[in-house]
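Visitor: My structure file final31.pdb, PDB, C-alpha atoms, pLDDT in the B column, is below:
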ATOM      1  CA  MET A   1     121.218  95.854 196.280  1.00 94.00           C
ATOM      2  CA  LYS A   2     124.636  94.386 195.534  1.00 98.00           C
ATOM      3  CA  ILE A   3     125.553  94.056 191.875  1.00 98.00           C
ATOM      4  CA  LEU A   4     128.635  92.206 190.678  1.00 98.00           C
ATOM      5  CA  ALA A   5     129.800  92.623 187.090  1.00 98.00           C
ATOM      6  CA  ILE A   6     132.211  90.067 185.645  1.00 98.00           C
ATOM      7  CA  ASN A   7     134.185  91.598 182.795  1.00 98.00           C
ATOM      8  CA  GLY A   8     135.535  88.897 180.481  1.00 98.00           C
ATOM      9  CA  SER A   9     137.241  91.245 178.020  1.00 98.00           C
ATOM     10  CA  HIS A  10     140.928  90.610 177.357  1.00 97.00           C
ATOM     11  CA  MET A  11     141.223  94.424 177.147  1.00 96.00           C
ATOM     12  CA  GLY A  12     140.192  94.732 180.789  1.00 96.00           C
ATOM     13  CA  GLU A  13     139.659  98.323 181.885  1.00 95.00           C
ATOM     14  CA  LYS A  14     140.731  99.635 178.465  1.00 95.00           C
ATOM     15  CA  GLY A  15     137.994  97.905 176.473  1.00 96.00           C
ATOM     16  CA  PHE A  16     134.592  99.137 175.335  1.00 96.00           C
ATOM     17  CA  THR A  17     132.942  96.479 177.498  1.00 98.00           C
ATOM     18  CA  GLN A  18     134.284  98.268 180.575  1.00 98.00           C
ATOM     19  CA  THR A  19     133.138 101.631 179.175  1.00 97.00           C
ATOM     20  CA  LEU A  20     129.562 100.352 179.117  1.00 98.00           C
ATOM     21  CA  LEU A  21     129.919  98.750 182.550  1.00 98.00           C
ATOM     22  CA  ASN A  22     131.071 102.114 183.876  1.00 98.00           C
ATOM     23  CA  LYS A  23     127.861 103.699 182.566  1.00 98.00           C
ATOM     24  CA  MET A  24     125.812 100.960 184.242  1.00 98.00           C
ATOM     25  CA  ARG A  25     127.748 101.484 187.449  1.00 98.00           C
ATOM     26  CA  GLU A  26     126.972 105.228 187.409  1.00 98.00           C
ATOM     27  CA  GLY A  27     123.259 104.488 187.132  1.00 98.00           C
ATOM     28  CA  ALA A  28     123.299 101.788 189.804  1.00 98.00           C
ATOM     29  CA  VAL A  29     125.253 103.906 192.290  1.00 98.00           C
ATOM     30  CA  ALA A  30     122.948 106.879 191.624  1.00 98.00           C
ATOM     31  CA  ALA A  31     120.074 104.595 192.657  1.00 98.00           C
ATOM     32  CA  GLY A  32     121.836 103.620 195.879  1.00 98.00           C
ATOM     33  CA  ALA A  33     123.262 100.216 194.918  1.00 98.00           C
ATOM     34  CA  ASP A  34     126.722  98.765 195.410  1.00 98.00           C
ATOM     35  CA  PHE A  35     128.313  97.931 192.063  1.00 98.00           C
ATOM     36  CA  ASP A  36     131.608  96.035 191.935  1.00 98.00           C
ATOM     37  CA  THR A  37     133.441  94.667 188.905  1.00 98.00           C
ATOM     38  CA  ALA A  38     135.645  91.590 188.700  1.00 98.00           C
ATOM     39  CA  ILE A  39     137.981  92.279 185.774  1.00 98.00           C
ATOM     40  CA  LEU A  40     139.149  88.812 184.760  1.00 98.00           C
ATOM     41  CA  ALA A  41     142.067  90.170 182.710  1.00 98.00           C
ATOM     42  CA  LYS A  42     143.577  91.454 185.965  1.00 97.00           C
ATOM     43  CA  ARG A  43     143.005  88.221 187.888  1.00 97.00           C
ATOM     44  CA  ARG A  44     144.594  84.782 187.852  1.00 97.00           C
ATOM     45  CA  ILE A  45     142.122  82.448 186.160  1.00 97.00           C
ATOM     46  CA  LYS A  46     143.384  78.943 185.495  1.00 97.00           C
ATOM     47  CA  PRO A  47     141.353  76.753 183.107  1.00 96.00           C
ATOM     48  CA  CYS A  48     139.474  73.691 184.327  1.00 96.00           C
ATOM     49  CA  LEU A  49     141.568  70.576 183.666  1.00 96.00           C
ATOM     50  CA  GLY A  50     138.611  68.216 183.584  1.00 95.00           C
ATOM     51  CA  CYS A  51     140.516  66.133 186.130  1.00 95.00           C
ATOM     52  CA  GLU A  52     137.352  65.548 188.236  1.00 94.00           C
ATOM     53  CA  VAL A  53     139.367  65.609 191.480  1.00 95.00           C
ATOM     54  CA  CYS A  54     136.718  68.010 192.802  1.00 95.00           C
ATOM     55  CA  HIS A  55     134.199  65.169 192.534  1.00 94.00           C
ATOM     56  CA  THR A  56     136.133  62.711 194.668  1.00 94.00           C
ATOM     57  CA  GLU A  57     135.773  62.144 198.397  1.00 91.00           C
ATOM     58  CA  LYS A  58     139.349  63.306 198.955  1.00 90.00           C
ATOM     59  CA  SER A  59     138.754  66.789 197.493  1.00 94.00           C
ATOM     60  CA  TYR A  60     134.969  67.079 197.464  1.00 95.00           C
ATOM     61  CA  LEU A  61     133.840  70.259 195.622  1.00 95.00           C
ATOM     62  CA  LYS A  62     137.324  71.716 195.927  1.00 95.00           C
ATOM     63  CA  CYS A  63     139.227  72.598 192.758  1.00 96.00           C
ATOM     64  CA  VAL A  64     142.915  71.700 192.549  1.00 96.00           C
ATOM     65  CA  PHE A  65     143.523  75.397 191.753  1.00 96.00           C
ATOM     66  CA  GLU A  66     141.468  76.748 194.669  1.00 92.00           C
ATOM     67  CA  ASP A  67     144.498  78.119 196.513  1.00 93.00           C
ATOM     68  CA  LYS A  68     146.456  78.923 193.360  1.00 96.00           C
ATOM     69  CA  ASP A  69     144.319  81.538 191.625  1.00 96.00           C
ATOM     70  CA  ASP A  70     141.503  84.039 192.204  1.00 98.00           C
ATOM     71  CA  VAL A  71     138.428  82.060 191.143  1.00 98.00           C
ATOM     72  CA  ALA A  72     137.353  81.081 194.668  1.00 97.00           C
ATOM     73  CA  GLU A  73     137.433  84.749 195.705  1.00 97.00           C
ATOM     74  CA  ILE A  74     135.222  85.748 192.762  1.00 98.00           C
ATOM     75  CA  PHE A  75     132.821  82.902 193.556  1.00 98.00           C
ATOM     76  CA  GLN A  76     132.549  84.262 197.096  1.00 98.00           C
ATOM     77  CA  ASN A  77     131.761  87.718 195.677  1.00 98.00           C
ATOM     78  CA  MET A  78     129.052  86.114 193.534  1.00 98.00           C
ATOM     79  CA  LYS A  79     127.514  84.509 196.619  1.00 98.00           C
ATOM     80  CA  GLU A  80     127.316  87.911 198.298  1.00 98.00           C
ATOM     81  CA  ALA A  81     125.784  89.631 195.253  1.00 98.00           C
ATOM     82  CA  ASP A  82     122.071  89.993 194.495  1.00 98.00           C
ATOM     83  CA  ILE A  83     122.519  90.247 190.727  1.00 98.00           C
ATOM     84  CA  ILE A  84     125.354  89.287 188.369  1.00 98.00           C
ATOM     85  CA  VAL A  85     126.269  91.050 185.121  1.00 98.00           C
ATOM     86  CA  TYR A  86     128.124  88.746 182.730  1.00 98.00           C
ATOM     87  CA  ALA A  87     129.944  91.071 180.343  1.00 98.00           C
ATOM     88  CA  THR A  88     131.934  89.813 177.382  1.00 98.00           C
ATOM     89  CA  PRO A  89     132.907  91.034 173.933  1.00 98.00           C
ATOM     90  CA  VAL A  90     132.464  88.662 171.023  1.00 97.00           C
ATOM     91  CA  TYR A  91     135.599  86.746 170.045  1.00 96.00           C
ATOM     92  CA  VAL A  92     135.166  84.683 166.865  1.00 95.00           C
ATOM     93  CA  PHE A  93     131.385  84.476 167.309  1.00 96.00           C
ATOM     94  CA  ASN A  94     131.361  83.534 170.987  1.00 97.00           C
ATOM     95  CA  MET A  95     132.220  84.808 174.451  1.00 98.00           C
ATOM     96  CA  SER A  96     135.867  85.469 175.238  1.00 98.00           C
ATOM     97  CA  GLY A  97     138.070  82.519 176.184  1.00 97.00           C
ATOM     98  CA  LEU A  98     138.713  84.317 179.458  1.00 98.00           C
ATOM     99  CA  MET A  99     135.018  84.316 180.338  1.00 98.00           C
ATOM    100  CA  LYS A 100     134.583  80.694 179.262  1.00 98.00           C
ATOM    101  CA  ASN A 101     137.586  79.576 181.353  1.00 97.00           C
ATOM    102  CA  PHE A 102     136.027  81.281 184.352  1.00 98.00           C
ATOM    103  CA  ILE A 103     132.577  79.754 183.821  1.00 98.00           C
ATOM    104  CA  ASP A 104     134.105  76.299 183.286  1.00 98.00           C
ATOM    105  CA  ARG A 105     135.395  76.438 186.838  1.00 97.00           C
ATOM    106  CA  ILE A 106     131.791  76.271 188.081  1.00 97.00           C
ATOM    107  CA  ASN A 107     132.224  72.527 187.496  1.00 96.00           C
ATOM    108  CA  SER A 108     134.045  72.265 190.812  1.00 96.00           C
ATOM    109  CA  THR A 109     131.081  73.698 192.730  1.00 96.00           C
ATOM    110  CA  ALA A 110     128.589  70.986 191.719  1.00 95.00           C
ATOM    111  CA  ASP A 111     128.093  67.383 192.772  1.00 94.00           C
ATOM    112  CA  ILE A 112     127.716  65.635 189.412  1.00 92.00           C
ATOM    113  CA  HIS A 113     126.633  62.411 191.131  1.00 92.00           C
ATOM    114  CA  LYS A 114     123.403  63.970 192.440  1.00 95.00           C
ATOM    115  CA  MET A 115     120.754  64.289 189.750  1.00 95.00           C
ATOM    116  CA  GLN A 116     117.861  66.743 189.718  1.00 95.00           C
ATOM    117  CA  VAL A 117     115.431  68.525 187.408  1.00 95.00           C
ATOM    118  CA  SER A 118     115.595  72.266 186.764  1.00 95.00           C
ATOM    119  CA  LYS A 119     112.577  74.545 187.106  1.00 94.00           C
ATOM    120  CA  LYS A 120     112.304  74.435 183.320  1.00 94.00           C
ATOM    121  CA  GLY A 121     112.041  70.639 183.478  1.00 96.00           C
ATOM    122  CA  LEU A 122     115.563  69.932 182.264  1.00 96.00           C
ATOM    123  CA  PHE A 123     117.479  66.907 183.544  1.00 96.00           C
ATOM    124  CA  PHE A 124     120.716  68.046 185.208  1.00 96.00           C
ATOM    125  CA  HIS A 125     122.954  67.489 188.192  1.00 95.00           C
ATOM    126  CA  HIS A 126     123.231  69.338 191.502  1.00 95.00           C
ATOM    127  CA  ILE A 127     124.337  72.967 191.338  1.00 96.00           C
ATOM    128  CA  ASN A 128     125.534  75.472 193.897  1.00 97.00           C
ATOM    129  CA  ARG A 129     122.584  77.857 193.816  1.00 97.00           C
ATOM    130  CA  ASP A 130     124.446  80.533 195.752  1.00 97.00           C
ATOM    131  CA  ILE A 131     126.709  80.912 192.714  1.00 97.00           C
ATOM    132  CA  CYS A 132     124.786  79.617 189.709  1.00 97.00           C
ATOM    133  CA  SER A 133     121.180  80.633 190.320  1.00 98.00           C
ATOM    134  CA  LYS A 134     121.567  84.385 190.834  1.00 97.00           C
ATOM    135  CA  PRO A 135     119.502  86.632 188.542  1.00 98.00           C
ATOM    136  CA  PHE A 136     121.800  87.963 185.847  1.00 98.00           C
ATOM    137  CA  VAL A 137     122.111  90.457 183.019  1.00 98.00           C
ATOM    138  CA  LEU A 138     124.037  89.627 179.859  1.00 98.00           C
ATOM    139  CA  LEU A 139     126.094  92.417 178.286  1.00 98.00           C
ATOM    140  CA  THR A 140     127.855  91.513 175.057  1.00 98.00           C
ATOM    141  CA  THR A 141     129.649  93.807 172.640  1.00 97.00           C
ATOM    142  CA  CYS A 142     131.029  93.510 169.130  1.00 96.00           C
ATOM    143  CA  GLY A 143     132.326  95.750 166.373  1.00 93.00           C
ATOM    144  CA  ASN A 144     130.231  94.202 163.616  1.00 90.00           C
ATOM    145  CA  ILE A 145     126.800  95.423 162.489  1.00 85.00           C
ATOM    146  CA  GLU A 146     125.402  91.941 161.776  1.00 86.00           C
ATOM    147  CA  ASN A 147     122.857  90.463 164.212  1.00 89.00           C
ATOM    148  CA  GLU A 148     124.302  87.018 163.505  1.00 92.00           C
ATOM    149  CA  THR A 149     127.565  87.983 165.243  1.00 95.00           C
ATOM    150  CA  THR A 150     126.209  87.893 168.792  1.00 97.00           C
ATOM    151  CA  LYS A 151     123.710  85.018 168.482  1.00 97.00           C
ATOM    152  CA  ASN A 152     125.977  82.339 169.993  1.00 98.00           C
ATOM    153  CA  VAL A 153     126.665  84.378 173.110  1.00 98.00           C
ATOM    154  CA  VAL A 154     122.990  85.164 173.706  1.00 98.00           C
ATOM    155  CA  SER A 155     121.995  81.547 173.040  1.00 98.00           C
ATOM    156  CA  TYR A 156     124.614  80.230 175.475  1.00 98.00           C
ATOM    157  CA  PHE A 157     123.419  82.377 178.362  1.00 98.00           C
ATOM    158  CA  ARG A 158     119.780  81.547 177.682  1.00 98.00           C
ATOM    159  CA  THR A 159     120.715  77.878 178.013  1.00 98.00           C
ATOM    160  CA  PHE A 160     122.750  78.675 181.151  1.00 98.00           C
ATOM    161  CA  SER A 161     119.650  80.357 182.578  1.00 98.00           C
ATOM    162  CA  ARG A 162     117.412  77.345 181.921  1.00 98.00           C
ATOM    163  CA  PHE A 163     119.741  74.735 183.426  1.00 98.00           C
ATOM    164  CA  MET A 164     120.952  76.846 186.341  1.00 98.00           C
ATOM    165  CA  ASP A 165     117.544  78.207 187.407  1.00 98.00           C
ATOM    166  CA  ALA A 166     119.075  81.669 187.022  1.00 98.00           C
ATOM    167  CA  PRO A 167     116.586  84.341 185.870  1.00 98.00           C
ATOM    168  CA  MET A 168     117.937  86.260 182.866  1.00 98.00           C
ATOM    169  CA  VAL A 169     116.743  89.766 183.746  1.00 98.00           C
ATOM    170  CA  GLY A 170     118.340  91.723 180.922  1.00 98.00           C
ATOM    171  CA  THR A 171     119.978  91.200 177.533  1.00 98.00           C
ATOM    172  CA  LEU A 172     122.155  94.085 176.382  1.00 98.00           C
ATOM    173  CA  VAL A 173     123.601  93.477 172.919  1.00 98.00           C
ATOM    174  CA  ARG A 174     125.796  96.357 171.802  1.00 97.00           C
ATOM    175  CA  GLN A 175     126.941  96.076 168.204  1.00 95.00           C
ATOM    176  CA  SER A 176     128.910  98.637 166.178  1.00 91.00           C
ATOM    177  CA  SER A 177     131.272  99.291 169.085  1.00 92.00           C
ATOM    178  CA  PHE A 178     134.001 100.606 166.771  1.00 88.00           C
ATOM    179  CA  ILE A 179     131.633 103.258 165.429  1.00 88.00           C
ATOM    180  CA  LEU A 180     130.556 104.298 168.915  1.00 91.00           C
ATOM    181  CA  GLN A 181     134.177 104.548 170.021  1.00 89.00           C
ATOM    182  CA  SER A 182     135.394 106.508 167.001  1.00 87.00           C
ATOM    183  CA  LYS A 183     132.541 109.004 166.684  1.00 86.00           C
ATOM    184  CA  SER A 184     131.848 111.972 168.933  1.00 86.00           C
ATOM    185  CA  ASP A 185     128.396 112.819 170.276  1.00 83.00           C
ATOM    186  CA  ARG A 186     128.148 115.518 167.612  1.00 78.00           C
ATOM    187  CA  GLU A 187     129.053 113.125 164.800  1.00 82.00           C
ATOM    188  CA  LEU A 188     126.778 110.345 166.057  1.00 85.00           C
ATOM    189  CA  ALA A 189     123.619 111.581 167.728  1.00 84.00           C
ATOM    190  CA  GLU A 190     122.718 108.065 168.843  1.00 89.00           C
ATOM    191  CA  LYS A 191     125.883 107.766 170.960  1.00 91.00           C
ATOM    192  CA  LYS A 192     124.496 109.774 173.872  1.00 93.00           C
ATOM    193  CA  SER A 193     121.209 107.885 173.630  1.00 94.00           C
ATOM    194  CA  VAL A 194     123.032 104.542 173.894  1.00 95.00           C
ATOM    195  CA  PHE A 195     125.156 105.628 176.856  1.00 96.00           C
ATOM    196  CA  ASP A 196     122.116 107.097 178.608  1.00 97.00           C
ATOM    197  CA  ALA A 197     120.361 103.751 178.118  1.00 98.00           C
ATOM    198  CA  PHE A 198     123.198 101.883 179.836  1.00 98.00           C
ATOM    199  CA  PHE A 199     123.035 104.387 182.707  1.00 98.00           C
ATOM    200  CA  ASP A 200     119.309 103.695 182.967  1.00 98.00           C
ATOM    201  CA  ALA A 201     119.937  99.940 182.787  1.00 98.00           C
ATOM    202  CA  GLY A 202     122.155 100.150 185.860  1.00 98.00           C
ATOM    203  CA  LYS A 203     119.556 102.262 187.630  1.00 98.00           C
ATOM    204  CA  GLU A 204     116.746  99.834 186.815  1.00 98.00           C
ATOM    205  CA  ILE A 205     118.753  96.837 188.010  1.00 98.00           C
ATOM    206  CA  ALA A 206     119.299  98.600 191.331  1.00 98.00           C
ATOM    207  CA  ILE A 207     115.642  99.588 191.771  1.00 98.00           C
ATOM    208  CA  LYS A 208     113.623  96.892 189.981  1.00 97.00           C
ATOM    209  CA  GLY A 209     116.081  93.995 189.751  1.00 98.00           C
ATOM    210  CA  LYS A 210     115.767  93.884 185.955  1.00 98.00           C
ATOM    211  CA  VAL A 211     116.253  95.909 182.778  1.00 98.00           C
ATOM    212  CA  SER A 212     113.031  97.041 181.115  1.00 98.00           C
ATOM    213  CA  LYS A 213     112.277  96.135 177.498  1.00 98.00           C
ATOM    214  CA  ARG A 214     112.244  99.818 176.610  1.00 98.00           C
ATOM    215  CA  THR A 215     115.717 100.400 178.012  1.00 98.00           C
ATOM    216  CA  GLN A 216     117.043  97.261 176.336  1.00 98.00           C
ATOM    217  CA  LYS A 217     115.716  98.519 173.013  1.00 97.00           C
ATOM    218  CA  ARG A 218     117.490 101.864 173.480  1.00 97.00           C
ATOM    219  CA  ALA A 219     120.737 100.212 174.582  1.00 97.00           C
ATOM    220  CA  ASN A 220     120.636  97.786 171.653  1.00 96.00           C
ATOM    221  CA  GLN A 221     119.542 100.319 169.025  1.00 94.00           C
ATOM    222  CA  ASN A 222     121.097 100.258 165.560  1.00 89.00           C
ATOM    223  CA  VAL A 223     123.415 103.251 165.183  1.00 87.00           C
ATOM    224  CA  VAL A 224     124.080 102.584 161.480  1.00 75.00           C
ATOM    225  CA  LYS A 225     121.184 104.453 159.936  1.00 69.00           C
ATOM    226  CA  MET A 226     119.812 103.482 156.528  1.00 62.00           C
ATOM    227  CA  PRO A 227     116.894 104.855 154.502  1.00 57.00           C
ATOM    228  CA  PRO A 228     113.764 102.690 154.939  1.00 61.00           C
ATOM    229  CA  LEU A 229     113.943 101.503 151.315  1.00 56.00           C
ATOM    230  CA  VAL A 230     117.585 100.394 151.694  1.00 55.00           C
ATOM    231  CA  ARG A 231     116.750  98.564 154.933  1.00 57.00           C
ATOM    232  CA  LEU A 232     113.909  96.771 153.140  1.00 57.00           C
ATOM    233  CA  LEU A 233     116.154  95.798 150.227  1.00 57.00           C
ATOM    234  CA  MET A 234     118.761  94.485 152.689  1.00 61.00           C
ATOM    235  CA  LYS A 235     116.349  91.664 153.519  1.00 66.00           C
ATOM    236  CA  PHE A 236     116.870  90.218 150.034  1.00 64.00           C
ATOM    237  CA  LYS A 237     120.080  88.177 150.052  1.00 68.00           C
ATOM    238  CA  PRO A 238     121.046  88.836 146.403  1.00 70.00           C
ATOM    239  CA  LEU A 239     120.929  92.587 147.055  1.00 67.00           C
ATOM    240  CA  ARG A 240     122.391  92.570 150.565  1.00 66.00           C
ATOM    241  CA  ALA A 241     126.018  92.010 149.527  1.00 68.00           C
ATOM    242  CA  LYS A 242     125.769  94.655 146.777  1.00 70.00           C
ATOM    243  CA  ILE A 243     124.380  97.247 149.174  1.00 62.00           C
ATOM    244  CA  ILE A 244     127.074  96.565 151.785  1.00 67.00           C
ATOM    245  CA  GLU A 245     129.831  96.664 149.164  1.00 70.00           C
ATOM    246  CA  GLU A 246     128.545 100.009 147.914  1.00 66.00           C
ATOM    247  CA  GLY A 247     128.380 101.306 151.481  1.00 62.00           C
ATOM    248  CA  LEU A 248     132.003 100.281 152.068  1.00 61.00           C
ATOM    249  CA  LYS A 249     133.084 102.158 148.944  1.00 65.00           C
ATOM    250  CA  ARG A 250     131.416 105.297 150.242  1.00 62.00           C
ATOM    251  CA  ASN A 251     132.670 104.761 153.818  1.00 59.00           C
ATOM    252  CA  ALA A 252     129.019 104.594 154.901  1.00 55.00           C
ATOM    253  CA  VAL A 253     129.584 101.331 156.777  1.00 52.00           C
TER     254      VAL A 253
END
Now, as a test, write the supplied structure out as structure tokens.

Guide:
Amino acid sequence: MKILAINGSHMGEKGFTQTLLNKMREGAVAAGADFDTAILAKRRIKPCLGCEVCHTEKSYLKCVFEDKDDVAEIFQNMKEADIIVYATPVYVFNMSGLMKNFIDRINSTADIHKMQVSKKGLFFHHINRDICSKPFVLLTTCGNIENETTKNVVSYFRTFSRFMDAPMVGTLVRQSSFILQSKSDRELAEKKSVFDAFFDAGKEIAIKGKVSKRTQKRANQNVVKMPPLVRLLMKFKPLRAKIIEEGLKRNAV
């Protein structure tokens, strides 16, 4: 099993996204898989110009930047992989600009003049299945505790999956990254549980080709603990802001 992770964090190897990828890598390697990471922050990634030269006879399916940056090399690595891990922190409620610039370059690999229908029945154009249709896991991270924060990223990749005929075999949504980074295992008992879950996620990808629902639940678990009554009251909008404000005053959030 060959797994390729694409890290779209502007922090590169220093970010929390890479910390979680490292845990996944440990699990995958322990299960006998190859696990490589393309760290976009360390590569030359030029944005798509929308020039459409790649869709002309003169430069058919060849980007004007093909020999000027590292995208073609990463695409080749994707072709050789069995599973892709798209990993991005949330930047202003969406994936990083670095990840989006990279994904935009997929435009040069498709013949937009050839129409087809996806397996989900969606009207679309030709795609390069060796790049676009690989099973993939989404890993997204953010510092916030609100579920709303990561919704755009998850929604985007679900749509990507449906149009690209790419099975989405795991959704790892890790909120509260600042808390996990700042607290020790002793201060935050859930920290070890979360990291163990990401280790298991890598192991499961290597063995089963997907992340189990149980492991996803552990990886995505809420590490900001609240009494059951407070959690119930949080569902009422008029009380929600008051409870959060009080928590901030007490440094509980």

Visitor: Going by the chain IDs and residue numbers used in this file, which residues fall under the PyMOL selection byres ((chain A and resi 123-137) around 6)? Write them as a list in words.

Guide: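 What the PyMOL selection byres ((chain A and resi 123-137) around 6) grabs from the file is Met78, Lys79, Ile83, Ile84, Val85, Thr109, Ala110, Asp111, Ile112, Lys114, Met115, Gln116, Val117, Leu122, Leu138, Met164, Asp165, Ala166, Pro167, Met168, Val169, Gly170 and Thr171 of chain A.
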
Visitor: Tell me which residues the PyMOL selection byres ((chain A and resi 18) around 12) grabs here, as a ChimeraX atom specification.

Guide: /A:5-17,19-25,36-41,85-89,139-141,177,198

Visitor: State, in Å with one decimal place, the distance from atom CA of A:Cys48 to atom CA of A:Asp104.

Guide: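 The value is 6.1 Å.
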
Visitor: Can you translate the PyMOL selection byres ((chain A and resi 61) around 9) into the concrete residues it hits in this file, as a JSON list (two decimals) with C-alpha atoms, in the coordinates of the input?

Guide:
[["chain", "number", "residue", "atom", "x", "y", "z"],
["A", 53, "VAL", "CA", 139.37, 65.61, 191.48],
["A", 54, "CYS", "CA", 136.72, 68.01, 192.80],
["A", 55, "HIS", "CA", 134.20, 65.17, 192.53],
["A", 56, "THR", "CA", 136.13, 62.71, 194.67],
["A", 57, "GLU", "CA", 135.77, 62.14, 198.40],
["A", 59, "SER", "CA", 138.75, 66.79, 197.49],
["A", 60, "TYR", "CA", 134.97, 67.08, 197.46],
["A", 62, "LYS", "CA", 137.32, 71.72, 195.93],
["A", 63, "CYS", "CA", 139.23, 72.60, 192.76],
["A", 107, "ASN", "CA", 132.22, 72.53, 187.50],
["A", 108, "SER", "CA", 134.04, 72.26, 190.81],
["A", 109, "THR", "CA", 131.08, 73.70, 192.73],
["A", 110, "ALA", "CA", 128.59, 70.99, 191.72],
["A", 111, "ASP", "CA", 128.09, 67.38, 192.77]]

Visitor: Work out how far atom CA of A:Ser155 is from atom CA of A:Ile179, in Å to one decimal.

Guide: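 Taking atom CA of A:Ile179 as the start and atom CA of A:Ser155 as the end point, the length is 24.9 Å.
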
Visitor: Around all the atoms of stretch 62-77 of chain A listed in the file, with 5 Å of room on each side, what axis-aligned box do you get, giving centre and edge lengths in Å to one decimal, as lines of an AutoDock Vina configuration file?

Guide:
center_x = 139.1
center_y = 79.7
center_z = 194.1
size_x = 24.7
size_y = 26.0
size_z = 16.0

Visitor: Quick one: residues within 12 Å of stretch 213-215 of chain A, all atoms listed in the file, excluding same-chain residues fewer than 4 positions away - as a list of chain:residue names?

Guide: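 In the requested form, the answer reads A:Met24, A:Val169, A:Gly170, A:Thr171, A:Leu172, A:Val173, A:Ser193, A:Val194, A:Phe195, A:Asp196, A:Ala197, A:Phe198, A:Phe199, A:Asp200, A:Ala201, A:Gly202, A:Lys203, A:Glu204, A:Ile205, A:Ala219, A:Asn220, A:Gln221.
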
Visitor: Please measure the separation of atom CA of A:Val223 and atom CA of A:Asn152, giving the value in Å to one decimal.

Guide: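 About the pair atom CA of A:Val223 and atom CA of A:Asn152: they are 21.6 Å apart.
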
Visitor: Check the smallest atom-to-atom distance from each of A:Lys100, A:Arg186, A:Arg218, A:Lys42 to A:Val153 using all atoms listed in the file, then report the winner.

Guide: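 The answer is A:Lys100, which sits nearest to A:Val153.
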
Visitor: Kindly indicate which residue among A:Asp67, A:Arg174, A:Leu188, A:Asn144 lies nearest to A:Gln216, using only C-alpha atoms for the distances.

Guide: A:Arg174

Visitor: Which residue out of A:Ile3, A:Asn222, A:Ser161, A:Val92 has the minimum interatomic distance to A:Lys191 when only C-alpha atoms are used?

Guide: A:Asn222
